[in-house]
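Asks: This structure is in structure tokens; I'll ask about it shortly.
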Amino acid sequence: MARALAGLLFVLLVALAPAPARAASSVFDDVRLEVTPLLNGAAPYPRELVLVRIRGVYRPLINLSKLIQPELVDFAWSELGLDDLRVIEEDGFTKREFTRVIAVYPSRSGTLVIGPFVHRLSVVDGAERREIEVVSKPVELKVAEWRGPGGPDDARGWWLPARSVEVRDAWSGDPDRVPRGETLTRTVTVTADGAPADMLPPTPKLLSPGIISFLGPTSRETKITPTGPVSQVTYSWEARPTTAFPATVTEMRIPWFDTQTRKMREAVIPARRMAWAADDSGEPAPVKRAGPSALQIAAALALSFAGGAALLLWRSGAQPWRLPERAPAALTAL
């Protein structure tokens, strides 16, 4: 009897003992949202492009989703196209992967914080459906202070951080053989990879001795790509020589910061020679000078007539002209 009572008591203790702790197996717990700045191994400078990847991995089925972006106080930013959605295999489960990449441009140096993103999901697992929120952790971004000449805070110039800068120079004709009296159009296009169009510099001044130029229209545009903006600006001038001798349009330089090599570089708008076209003899056409006007010709004739008349009057007053003494008889005889 005593052994029976002891056995019954053991069973009751085992039944009442707390179960060992274990990880929750709910499918709704198998979600995560990560925010990662994509850097090239160096801290960015102010106004430099930084790509930020927002990546979510979710095991439950998703009906609806909405990504809520934090207020980016210390950044300018822009979207870079559509979100990437795909199905992946991870840890033996089929999951949904969500990826969005945005471009941010820090406005100052120091340690800046990208606040948490919130992904609101309407998920379903079997017959159960509910709304959940997946929140990312805040991310700190260290922005370096520029210590060289120029830079993002230099009010005397512009700051152009880019992956590459390309210059194209085009003329409406041959600047070495400008037809007499005509004007050529020069068009320069500057393309920057990794910078929006408002970061490209203003129109340079085309000032060269022996050449007159007039500023033409300027256009800017930005193309959005998955790796950031690609922008271009087009400058134009009307130019022609002002002397009979060849002249040179001086080169123009655009400083920019190479975000790949982390060094300052210069894009060069090349110098060009301008001259009037030669005539049929092979000699440069002479500079045309304005001939005398009709009024000037008339004034010269009047002056010449007046001078001749004055000369005649002067001769008549000094020595009167008379017929010889024999002239009357000769005339009578006739």
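Labels used: A, B, ... for chains in the order of the structure tokens, numbers from 1 for residues in each chain, and numbers from 1 for ligands as shown.
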Need to verify the contact set: Gly56 of chain A, 7 Å, only C-alpha atoms, exclusion of same-chain residues closer than 6 positions in sequence. Can you return it as a ChimeraX atom specification?
Replies: /A:32-34,97-99
Asks: Residues of segment 228-275 of chain A within 10 Å of segment 217-223 of chain A: nearest atom pair and distance (Å, one decimal) for each, counting only C-alpha atoms, sorted by chain and number, as JSON lines?
Replies:
{"residue": "A:Gly228", "atom": "CA", "partner": "A:Lys223", "partner_atom": "CA", "distance": 8.6}
{"residue": "A:Pro229", "atom": "CA", "partner": "A:Lys223", "partner_atom": "CA", "distance": 5.6}
{"residue": "A:Val230", "atom": "CA", "partner": "A:Lys223", "partner_atom": "CA", "distance": 5.2}
{"residue": "A:Ser231", "atom": "CA", "partner": "A:Thr222", "partner_atom": "CA", "distance": 4.1}
{"residue": "A:Gln232", "atom": "CA", "partner": "A:Glu221", "partner_atom": "CA", "distance": 5.7}
{"residue": "A:Val233", "atom": "CA", "partner": "A:Arg220", "partner_atom": "CA", "distance": 4.4}
{"residue": "A:Thr234", "atom": "CA", "partner": "A:Ser219", "partner_atom": "CA", "distance": 5.3}
{"residue": "A:Tyr235", "atom": "CA", "partner": "A:Thr218", "partner_atom": "CA", "distance": 4.9}
{"residue": "A:Ser236", "atom": "CA", "partner": "A:Pro217", "partner_atom": "CA", "distance": 6.1}
{"residue": "A:Trp237", "atom": "CA", "partner": "A:Pro217", "partner_atom": "CA", "distance": 8.0}
Asks: Could you name the residues that touch segment 59-69 of chain A at 10 Å or less, counting only C-alpha atoms, but leaving out those on the same chain fewer than 3 positions away, as a ChimeraX atom specification?
Replies: /A:26-32,54,72,87-90,93-97,100,114-126,129,131-135
Asks: Rank nothing, just name the residue among A:Met274, A:Leu49, A:Ile254, A:Ala170 nearest to Ser213 of chain A, using only C-alpha atoms.
Replies: A:Met274
Asks: Could you tell me, as JSON, numbers by chain, which residues of segment 94-269 of chain A DSSP assigns to strand (DSSP E or B) when given the backbone?
Replies: {"A": [94, 95, 96, 97, 98, 99, 100, 101, 102, 103, 104, 105, 106, 110, 111, 112, 113, 114, 118, 119, 120, 121, 122, 123, 124, 125, 128, 129, 130, 131, 132, 133, 134, 135, 139, 140, 141, 142, 143, 161, 162, 164, 165, 166, 167, 168, 169, 170, 171, 178, 184, 185, 186, 187, 188, 189, 190, 191, 192, 193, 211, 212, 213, 214, 215, 219, 220, 221, 222, 223, 224, 225, 228, 229, 230, 231, 232, 233, 234, 235, 236, 237, 238, 239, 240, 241, 247, 248, 249, 252, 253, 254, 255, 256, 257, 258, 263, 264, 265, 266, 267, 268, 269]}
Asks: Any idea what the distance is between atom CA of Ser172 of chain A and atom CA of Arg240 of chain A?
Replies: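 Separation of atom CA of Ser172 of chain A and atom CA of Arg240 of chain A: 11.7 Å.
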Asks: Under the rule that only C-alpha atoms are counted, which of A:Arg262, A:Arg47, A:Arg272, A:Lys142 is the nearest residue to Ser164 of chain A?
Replies: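 Comparing A:Arg262, A:Arg47, A:Arg272, A:Lys142 against Ser164 of chain A, the winner is A:Arg262.
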Asks: Give me the residues within 8 Å of Glu79 of chain A as a count of residues only, counting only C-alpha atoms and dropping any in the same chain fewer than 6 places off.
Replies: 3
Asks: Do you have the atom CA of Glu251 of chain A-atom CA of Asp174 of chain A distance handy?
Replies: 17.3 Å
Asks: Measuring atom to atom with only C-alpha atoms, identify which of A:Arg265, A:Pro255, A:Tyr105, A:Gly194 is nearest to Val73 of chain A.
Replies: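 For Val73 of chain A, the nearest of the given residues is A:Tyr105.
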